[in-house]
Amino acid sequence: MDKIYSGIMGLVVGDALGVPVEFRQRDSYKVSDMTGYGTYGQPPGSWSDDSSMTLATAESIARLGRIEPADIMQNFARWYLAAEFTPYGEVFDVGGTTRAAILRYQNGVAIDHCGGTDFRDNGNGALMRILPVALVPHSGADVQRVAGLTHNHSISNAACGIYVEVAEILLAGADKAAVWQKIKGEACYLPAELGRLAELENLPRAQIKSSGYVVDTLEAALWCWLHMDNYRDCVLAAVNLGEDTDTTAAVAGGLAGIYYGCGGEKGVPEEWIGQIARREWIAELCAALAAVE
């Protein structure tokens, strides 16, 4: 339960930190604490589509006791069309590929054919919500089917697969050295676009991109986690990269939450958790997810 809660809450807090400055240019601002308003006019502790879709995925798995892509997709439709799984009953940030996939589903397209398959569909909308799959028993096929509900290109699928593998070994108690070896070992089997993952340890901040492209997001999130030694510094580094601030921080925050836990000197700060919208419901959802066998 502790690592599941810490991972999910780490993702949500990272998301909320990034929401007020999404799309802003790197080094044109400096975030050092939880703030609000900004890009979407939301109060402090508000989370975006990253967390909504993550929590929608977690709710389906917890309720059914298994991974069922069709039910997860129905939750996505409930989020987008009825504002469920949102902090305040409002949907205020939706990616184009995600929107198109949900509308295909609503129009009767089979779930295995809803996700975008074009190269331009390699946004980070699957990566940002895939963490719950790593937190319960799953197969590689589960990862691909859940990711492919909205983004069904091989690059996005590979990025989600790597992220889930990293989360898995962190859940098992691995340290950063083991994660780094895993990333380097997997790099040669990945699409060429993900080849830079093997070099992350030595890349300077100036070479880390933070756009909505799934490759940029995965690289940036892993770079922040590898180079920082506590949750706070990890997610603030992600937010201050600019551009897709909420998603980069959410993806990094999920891993940092698992690794550092909540509270204490290195974990997710309790004062940030205390500002998160619907935090009691999120905690209940994590407890239900932890019961899935």
# chains A, B, ... in the order shown; residues from 1 in each chain; ligands from 1

$ closest_atom_pairs --of "region 8-34 of chain A" --to "region 259-267 of chain A" --cutoff "12 Å" --atoms "only C-alpha atoms" --output "JSON lines"
{"residue": "A:Ile8", "atom": "CA", "partner": "A:Gly261", "partner_atom": "CA", "distance": 10.5}
{"residue": "A:Met9", "atom": "CA", "partner": "A:Cys262", "partner_atom": "CA", "distance": 8.4}
{"residue": "A:Gly10", "atom": "CA", "partner": "A:Cys262", "partner_atom": "CA", "distance": 8.0}
{"residue": "A:Leu11", "atom": "CA", "partner": "A:Gly261", "partner_atom": "CA", "distance": 11.7}
{"residue": "A:Val13", "atom": "CA", "partner": "A:Cys262", "partner_atom": "CA", "distance": 11.0}

$ residues_around --residues "Asp93 (chain A)" --least-positions-apart "5" --cutoff "10 Å" --atoms "only C-alpha atoms" --output "short mmCIF file (atom, residue, chain, number, x, y, z; two decimals) with N, CA and C atoms, in the first residue's frame"
data_model
loop_
_atom_site.label_atom_id
_atom_site.label_comp_id
_atom_site.auth_asym_id
_atom_site.auth_seq_id
_atom_site.Cartn_x
_atom_site.Cartn_y
_atom_site.Cartn_z
N VAL A 19 0.87 22.45 -13.32
CA VAL A 19 -0.31 23.04 -13.98
C VAL A 19 -0.22 24.56 -14.15
N TYR A 40 -4.19 27.93 -16.31
CA TYR A 40 -5.61 27.55 -16.38
C TYR A 40 -6.48 28.22 -15.33
N TRP A 47 -5.10 19.26 -10.09
CA TRP A 47 -4.41 18.39 -11.03
C TRP A 47 -5.16 18.36 -12.36
N SER A 48 -4.45 17.92 -13.39
CA SER A 48 -4.97 18.01 -14.75
C SER A 48 -5.35 16.65 -15.31
N ASP A 49 -5.39 16.57 -16.64
CA ASP A 49 -5.73 15.32 -17.32
C ASP A 49 -4.78 14.19 -16.98
N ASP A 50 -3.52 14.51 -16.69
CA ASP A 50 -2.56 13.47 -16.34
C ASP A 50 -3.07 12.64 -15.17
N TYR A 80 -13.89 12.61 -19.79
CA TYR A 80 -13.91 13.65 -20.82
C TYR A 80 -15.30 14.23 -21.04
#

$ select_by_dssp --residues "region 35-260 of chain A" --states "helix (DSSP H, G or I)" --output "PyMOL selection string"
chain A and resi 38-40+49-64+69-82+96-106+111-113+119-121+127-129+131-134+140-147+154-171+176-187+192-202+205-207+214-227+231-239+245-260

$ closest_residue --among "A:Gly148, A:Ile208, A:Ala198, A:Val166" --to "Ala178 (chain A)" --atoms "only C-alpha atoms"
A:Val166

$ residues_around --residues "Leu170 (chain A)" --least-positions-apart "2" --cutoff "12 Å" --atoms "only C-alpha atoms" --output "JSON, numbers by chain"
{"A": [3, 4, 6, 7, 134, 135, 163, 164, 165, 166, 167, 168, 172, 173, 174, 175, 176, 177, 178, 179, 180, 182, 225, 254, 255, 256, 257, 258, 259, 260, 261]}

$ write_last_selection --atoms "N, CA, C and O atoms" --output "tab-separated table (two decimals), in the first residue's frame"
chain	number	residue	atom	x	y	z
A	3	LYS	N	3.90	2.04	-1.12
A	3	LYS	CA	4.53	2.42	-2.38
A	3	LYS	C	3.49	2.76	-3.45
A	3	LYS	O	3.73	3.63	-4.29
A	4	ILE	N	2.36	2.10	-3.41
A	4	ILE	CA	1.30	2.42	-4.35
A	4	ILE	C	0.78	3.83	-4.08
A	4	ILE	O	0.66	4.65	-5.00
A	6	SER	N	2.33	6.22	-2.47
A	6	SER	CA	3.40	7.19	-2.72
A	6	SER	C	3.60	7.43	-4.20
A	6	SER	O	3.87	8.56	-4.63
A	7	GLY	N	3.48	6.38	-5.01
A	7	GLY	CA	3.63	6.54	-6.45
A	7	GLY	C	2.51	7.37	-7.05
A	7	GLY	O	2.75	8.30	-7.82
A	134	ALA	N	1.54	-0.69	-13.67
A	134	ALA	CA	2.76	-1.21	-13.05
A	134	ALA	C	2.55	-1.60	-11.59
A	134	ALA	O	3.33	-2.37	-11.04
A	135	LEU	N	1.51	-1.07	-10.97
A	135	LEU	CA	1.30	-1.26	-9.53
A	135	LEU	C	0.50	-2.50	-9.19
A	135	LEU	O	0.32	-2.81	-8.00
A	163	TYR	N	8.85	2.66	-18.99
A	163	TYR	CA	8.43	3.31	-17.74
A	163	TYR	C	7.85	2.29	-16.77
A	163	TYR	O	8.17	2.32	-15.57
A	164	VAL	N	7.02	1.40	-17.26
A	164	VAL	CA	6.43	0.38	-16.39
A	164	VAL	C	7.52	-0.54	-15.84
A	164	VAL	O	7.49	-0.90	-14.65
A	165	GLU	N	8.50	-0.90	-16.65
A	165	GLU	CA	9.58	-1.75	-16.16
A	165	GLU	C	10.38	-1.07	-15.06
A	165	GLU	O	10.76	-1.69	-14.07
A	166	VAL	N	10.66	0.22	-15.24
A	166	VAL	CA	11.39	0.96	-14.21
A	166	VAL	C	10.57	1.00	-12.92
A	166	VAL	O	11.09	0.75	-11.83
A	167	ALA	N	9.28	1.30	-13.04
A	167	ALA	CA	8.43	1.33	-11.86
A	167	ALA	C	8.39	-0.03	-11.17
A	167	ALA	O	8.45	-0.11	-9.92
A	168	GLU	N	8.35	-1.10	-11.94
A	168	GLU	CA	8.32	-2.45	-11.38
A	168	GLU	C	9.55	-2.73	-10.52
A	168	GLU	O	9.45	-3.25	-9.41
A	172	ALA	N	10.12	-3.29	-6.40
A	172	ALA	CA	10.82	-4.45	-5.83
A	172	ALA	C	12.00	-4.05	-4.96
A	172	ALA	O	12.68	-4.92	-4.39
A	173	GLY	N	12.28	-2.74	-4.85
A	173	GLY	CA	13.34	-2.27	-3.96
A	173	GLY	C	14.66	-1.97	-4.62
A	173	GLY	O	15.67	-1.79	-3.94
A	174	ALA	N	14.69	-1.86	-5.96
A	174	ALA	CA	15.94	-1.58	-6.66
A	174	ALA	C	16.43	-0.17	-6.36
A	174	ALA	O	15.65	0.72	-6.03
A	175	ASP	N	17.74	0.03	-6.49
A	175	ASP	CA	18.31	1.36	-6.32
A	175	ASP	C	18.54	1.99	-7.70
A	175	ASP	O	18.26	1.39	-8.73
A	176	LYS	N	19.05	3.21	-7.69
A	176	LYS	CA	19.23	3.92	-8.96
A	176	LYS	C	20.23	3.23	-9.87
A	176	LYS	O	20.06	3.26	-11.10
A	177	ALA	N	21.25	2.64	-9.30
A	177	ALA	CA	22.25	1.95	-10.13
A	177	ALA	C	21.60	0.81	-10.91
A	177	ALA	O	21.90	0.60	-12.09
A	178	ALA	N	20.71	0.07	-10.26
A	178	ALA	CA	20.03	-1.04	-10.92
A	178	ALA	C	19.11	-0.53	-12.03
A	178	ALA	O	19.02	-1.12	-13.10
A	179	VAL	N	18.46	0.59	-11.76
A	179	VAL	CA	17.58	1.18	-12.77
A	179	VAL	C	18.40	1.64	-13.97
A	179	VAL	O	18.02	1.41	-15.12
A	180	TRP	N	19.51	2.27	-13.70
A	180	TRP	CA	20.37	2.76	-14.77
A	180	TRP	C	20.86	1.60	-15.63
A	180	TRP	O	20.87	1.68	-16.87
A	182	LYS	N	19.34	-1.22	-16.04
A	182	LYS	CA	18.17	-1.71	-16.77
A	182	LYS	C	17.92	-0.87	-18.01
A	182	LYS	O	17.69	-1.40	-19.10
A	225	TRP	N	14.78	12.27	-12.37
A	225	TRP	CA	14.83	11.27	-11.29
A	225	TRP	C	16.26	10.76	-11.07
A	225	TRP	O	16.70	10.60	-9.92
A	254	GLY	N	5.83	10.17	-10.28
A	254	GLY	CA	5.40	8.81	-9.99
A	254	GLY	C	6.56	7.93	-9.56
A	254	GLY	O	6.48	7.19	-8.57
A	255	LEU	N	7.68	8.02	-10.29
A	255	LEU	CA	8.86	7.24	-9.93
A	255	LEU	C	9.47	7.73	-8.63
A	255	LEU	O	9.85	6.92	-7.77
A	256	ALA	N	9.58	9.05	-8.47
A	256	ALA	CA	10.18	9.60	-7.25
A	256	ALA	C	9.33	9.28	-6.03
A	256	ALA	O	9.86	9.05	-4.93
A	257	GLY	N	8.00	9.25	-6.20
A	257	GLY	CA	7.14	8.89	-5.10
A	257	GLY	C	7.37	7.46	-4.64
A	257	GLY	O	7.47	7.18	-3.44
A	258	ILE	N	7.45	6.53	-5.60
A	258	ILE	CA	7.74	5.13	-5.26
A	258	ILE	C	9.09	5.04	-4.55
A	258	ILE	O	9.23	4.35	-3.54
A	259	TYR	N	10.07	5.74	-5.06
A	259	TYR	CA	11.44	5.59	-4.58
A	259	TYR	C	11.66	6.24	-3.21
A	259	TYR	O	12.33	5.66	-2.34
A	260	TYR	N	11.11	7.42	-3.00
A	260	TYR	CA	11.37	8.17	-1.77
A	260	TYR	C	10.24	8.10	-0.76
A	260	TYR	O	10.43	8.48	0.40
A	261	GLY	N	9.06	7.63	-1.18
A	261	GLY	CA	7.93	7.58	-0.27
A	261	GLY	C	7.33	8.95	-0.01
A	261	GLY	O	7.62	9.92	-0.70

$ closest_residue --among "A:Leu241, A:His113, A:Ala277, A:Asp2" --to "Leu171 (chain A)" --atoms "only C-alpha atoms"
A:Asp2

$ residues_around --residues "Leu285 (chain A)" --least-positions-apart "4" --cutoff "9 Å" --atoms "only C-alpha atoms" --output "list in words"
Tyr5, Leu55, Ala58, Glu59, Ala62, Glu280, Trp281, Leu289 and Ala290 of chain A

$ closest_residue --among "A:Trp272, A:Trp79, A:Tyr213, A:Tyr88" --to "Asp121 (chain A)" --atoms "only C-alpha atoms"
A:Tyr213

$ residues_around --residues "Tyr189 (chain A)" --least-positions-apart "4" --cutoff "12 Å" --atoms "only C-alpha atoms" --output "list in words"
Ile155, Ala158, Ala159, Gly161, Ile162, Lys182, Ile183, Lys184, Gly185, Glu193, Leu194, Gly195, Leu197 and Ala198 of chain A

$ write_last_selection --atoms "N, CA, C and O atoms" --output "compact mmCIF listing (two decimals), in the first residue's frame"
# COMPACT_ATOMS: atom_id res chain seq x y z
N ILE A 155 6.38 3.75 -30.92
CA ILE A 155 7.26 4.57 -30.08
C ILE A 155 6.61 4.83 -28.73
O ILE A 155 7.23 4.65 -27.67
N ALA A 158 6.57 1.62 -26.70
CA ALA A 158 7.88 1.29 -26.14
C ALA A 158 8.21 2.18 -24.94
O ALA A 158 8.76 1.72 -23.93
N ALA A 159 7.87 3.46 -25.04
CA ALA A 159 8.12 4.37 -23.92
C ALA A 159 7.33 3.95 -22.69
O ALA A 159 7.86 3.95 -21.57
N GLY A 161 6.31 0.95 -22.04
CA GLY A 161 6.89 -0.31 -21.56
C GLY A 161 8.11 -0.08 -20.69
O GLY A 161 8.26 -0.72 -19.64
N ILE A 162 8.98 0.83 -21.11
CA ILE A 162 10.17 1.13 -20.31
C ILE A 162 9.78 1.74 -18.97
O ILE A 162 10.32 1.38 -17.91
N LYS A 182 19.34 -1.22 -16.04
CA LYS A 182 18.17 -1.71 -16.77
C LYS A 182 17.92 -0.87 -18.01
O LYS A 182 17.69 -1.40 -19.10
N ILE A 183 17.98 0.43 -17.85
CA ILE A 183 17.75 1.33 -18.98
C ILE A 183 18.79 1.10 -20.07
O ILE A 183 18.46 0.99 -21.26
N LYS A 184 20.05 1.04 -19.69
CA LYS A 184 21.12 0.81 -20.68
C LYS A 184 20.97 -0.55 -21.36
O LYS A 184 21.21 -0.68 -22.57
N GLY A 185 20.57 -1.55 -20.58
CA GLY A 185 20.42 -2.88 -21.15
C GLY A 185 19.27 -2.97 -22.14
O GLY A 185 19.32 -3.75 -23.10
N GLU A 193 14.37 6.08 -31.89
CA GLU A 193 14.01 7.36 -31.29
C GLU A 193 14.27 7.39 -29.78
O GLU A 193 14.42 8.47 -29.19
N LEU A 194 14.33 6.23 -29.15
CA LEU A 194 14.55 6.15 -27.70
C LEU A 194 16.00 5.83 -27.35
O LEU A 194 16.32 5.57 -26.20
N GLY A 195 16.85 5.87 -28.33
CA GLY A 195 18.25 5.48 -28.11
C GLY A 195 19.01 6.34 -27.12
O GLY A 195 19.97 5.88 -26.49
N LEU A 197 18.19 7.22 -24.27
CA LEU A 197 17.99 6.81 -22.88
C LEU A 197 19.28 6.26 -22.28
O LEU A 197 19.54 6.45 -21.09
N ALA A 198 20.09 5.61 -23.08
CA ALA A 198 21.33 5.03 -22.58
C ALA A 198 22.36 6.09 -22.21
O ALA A 198 23.35 5.79 -21.53

$ closest_residue --among "A:Gly125, A:Ser46, A:Asn240, A:Glu186" --to "Arg205 (chain A)" --atoms "only C-alpha atoms"
A:Asn240

$ residues_around --residues "Ala147 (chain A)" --least-positions-apart "5" --cutoff "9 Å" --atoms "only C-alpha atoms" --output "count of residues only"
12

$ decode --residues "region 79-186 of chain A" --atoms "C-alpha atoms" --output "compact mmCIF listing (two decimals), in the first residue's frame"
# COMPACT_ATOMS: atom_id res chain seq x y z
CA TRP A 79 -13.90 11.82 -17.50
CA TYR A 80 -13.91 13.65 -20.82
CA LEU A 81 -17.66 13.83 -21.37
CA ALA A 82 -18.98 14.06 -17.80
CA ALA A 83 -16.00 15.55 -15.89
CA GLU A 84 -15.70 12.57 -13.54
CA PHE A 85 -12.25 11.94 -12.04
CA THR A 86 -11.52 15.67 -11.99
CA PRO A 87 -10.55 17.85 -9.00
CA TYR A 88 -13.47 20.28 -9.26
CA GLY A 89 -15.89 18.93 -11.88
CA GLU A 90 -14.16 20.64 -14.80
CA VAL A 91 -12.08 19.23 -17.66
CA PHE A 92 -9.53 21.87 -18.59
CA ASP A 93 -6.66 20.12 -20.39
CA VAL A 94 -7.10 17.43 -23.05
CA GLY A 95 -4.61 16.33 -25.70
CA GLY A 96 -5.76 16.07 -29.29
CA THR A 97 -4.86 12.40 -29.74
CA THR A 98 -6.62 11.51 -26.49
CA ARG A 99 -9.74 13.46 -27.46
CA ALA A 100 -9.88 11.81 -30.88
CA ALA A 101 -9.53 8.32 -29.40
CA ILE A 102 -12.33 8.86 -26.88
CA LEU A 103 -14.62 10.24 -29.57
CA ARG A 104 -13.90 7.22 -31.77
CA TYR A 105 -14.89 5.00 -28.85
CA GLN A 106 -18.10 6.98 -28.34
CA ASN A 107 -18.86 6.51 -32.04
CA GLY A 108 -18.68 2.74 -31.73
CA VAL A 109 -15.11 1.99 -32.84
CA ALA A 110 -13.64 -1.12 -31.17
CA ILE A 111 -11.24 -0.21 -28.36
CA ASP A 112 -8.27 -1.86 -30.07
CA HIS A 113 -8.72 0.57 -32.97
CA CYS A 114 -9.40 3.80 -31.10
CA GLY A 115 -5.82 4.82 -30.38
CA GLY A 116 -3.92 6.94 -32.87
CA THR A 117 -1.38 5.04 -34.97
CA ASP A 118 0.27 7.88 -36.89
CA PHE A 119 3.74 9.14 -35.96
CA ARG A 120 2.09 12.41 -34.99
CA ASP A 121 0.13 10.48 -32.35
CA ASN A 122 3.26 10.05 -30.22
CA GLY A 123 2.27 12.59 -27.62
CA ASN A 124 2.74 11.70 -23.96
CA GLY A 125 -0.94 11.01 -23.23
CA ALA A 126 -0.47 7.27 -22.67
CA LEU A 127 2.79 7.56 -20.73
CA MET A 128 1.30 10.04 -18.27
CA ARG A 129 -1.42 7.59 -17.14
CA ILE A 130 0.22 4.15 -17.37
CA LEU A 131 1.58 3.95 -13.80
CA PRO A 132 -1.40 2.06 -12.26
CA VAL A 133 -0.71 -0.86 -14.57
CA ALA A 134 2.76 -1.21 -13.05
CA LEU A 135 1.30 -1.26 -9.53
CA VAL A 136 -0.78 -4.44 -9.99
CA PRO A 137 -0.13 -7.87 -11.55
CA HIS A 138 0.08 -7.39 -15.31
CA SER A 139 1.54 -8.69 -18.54
CA GLY A 140 3.36 -6.94 -21.34
CA ALA A 141 0.20 -7.25 -23.39
CA ASP A 142 -1.72 -5.41 -20.67
CA VAL A 143 0.70 -2.49 -20.88
CA GLN A 144 0.38 -2.28 -24.65
CA ARG A 145 -3.41 -2.56 -24.70
CA VAL A 146 -3.94 0.06 -22.00
CA ALA A 147 -1.41 2.43 -23.58
CA GLY A 148 -2.90 1.82 -27.02
CA LEU A 149 -6.38 2.90 -25.98
CA THR A 150 -5.39 6.43 -26.98
CA HIS A 151 -1.83 6.27 -28.38
CA ASN A 152 -1.12 3.14 -30.38
CA HIS A 153 2.16 3.84 -32.16
CA SER A 154 5.23 1.67 -31.51
CA ILE A 155 7.26 4.57 -30.08
CA SER A 156 4.63 5.44 -27.48
CA ASN A 157 4.14 1.77 -26.67
CA ALA A 158 7.88 1.29 -26.14
CA ALA A 159 8.12 4.37 -23.92
CA CYS A 160 5.27 3.12 -21.76
CA GLY A 161 6.89 -0.31 -21.56
CA ILE A 162 10.17 1.13 -20.31
CA TYR A 163 8.43 3.31 -17.74
CA VAL A 164 6.43 0.38 -16.39
CA GLU A 165 9.58 -1.75 -16.16
CA VAL A 166 11.39 0.96 -14.21
CA ALA A 167 8.43 1.33 -11.86
CA GLU A 168 8.32 -2.45 -11.38
CA ILE A 169 11.93 -2.75 -10.28
CA LEU A 170 11.55 0.25 -7.98
CA LEU A 171 8.57 -1.44 -6.36
CA ALA A 172 10.82 -4.45 -5.83
CA GLY A 173 13.34 -2.27 -3.96
CA ALA A 174 15.94 -1.58 -6.66
CA ASP A 175 18.31 1.36 -6.32
CA LYS A 176 19.23 3.92 -8.96
CA ALA A 177 22.25 1.95 -10.13
CA ALA A 178 20.03 -1.04 -10.92
CA VAL A 179 17.58 1.18 -12.77
CA TRP A 180 20.37 2.76 -14.77
CA GLN A 181 21.69 -0.68 -15.77
CA LYS A 182 18.17 -1.71 -16.77
CA ILE A 183 17.75 1.33 -18.98
CA LYS A 184 21.12 0.81 -20.68
CA GLY A 185 20.42 -2.88 -21.15
CA GLU A 186 17.04 -2.23 -22.76
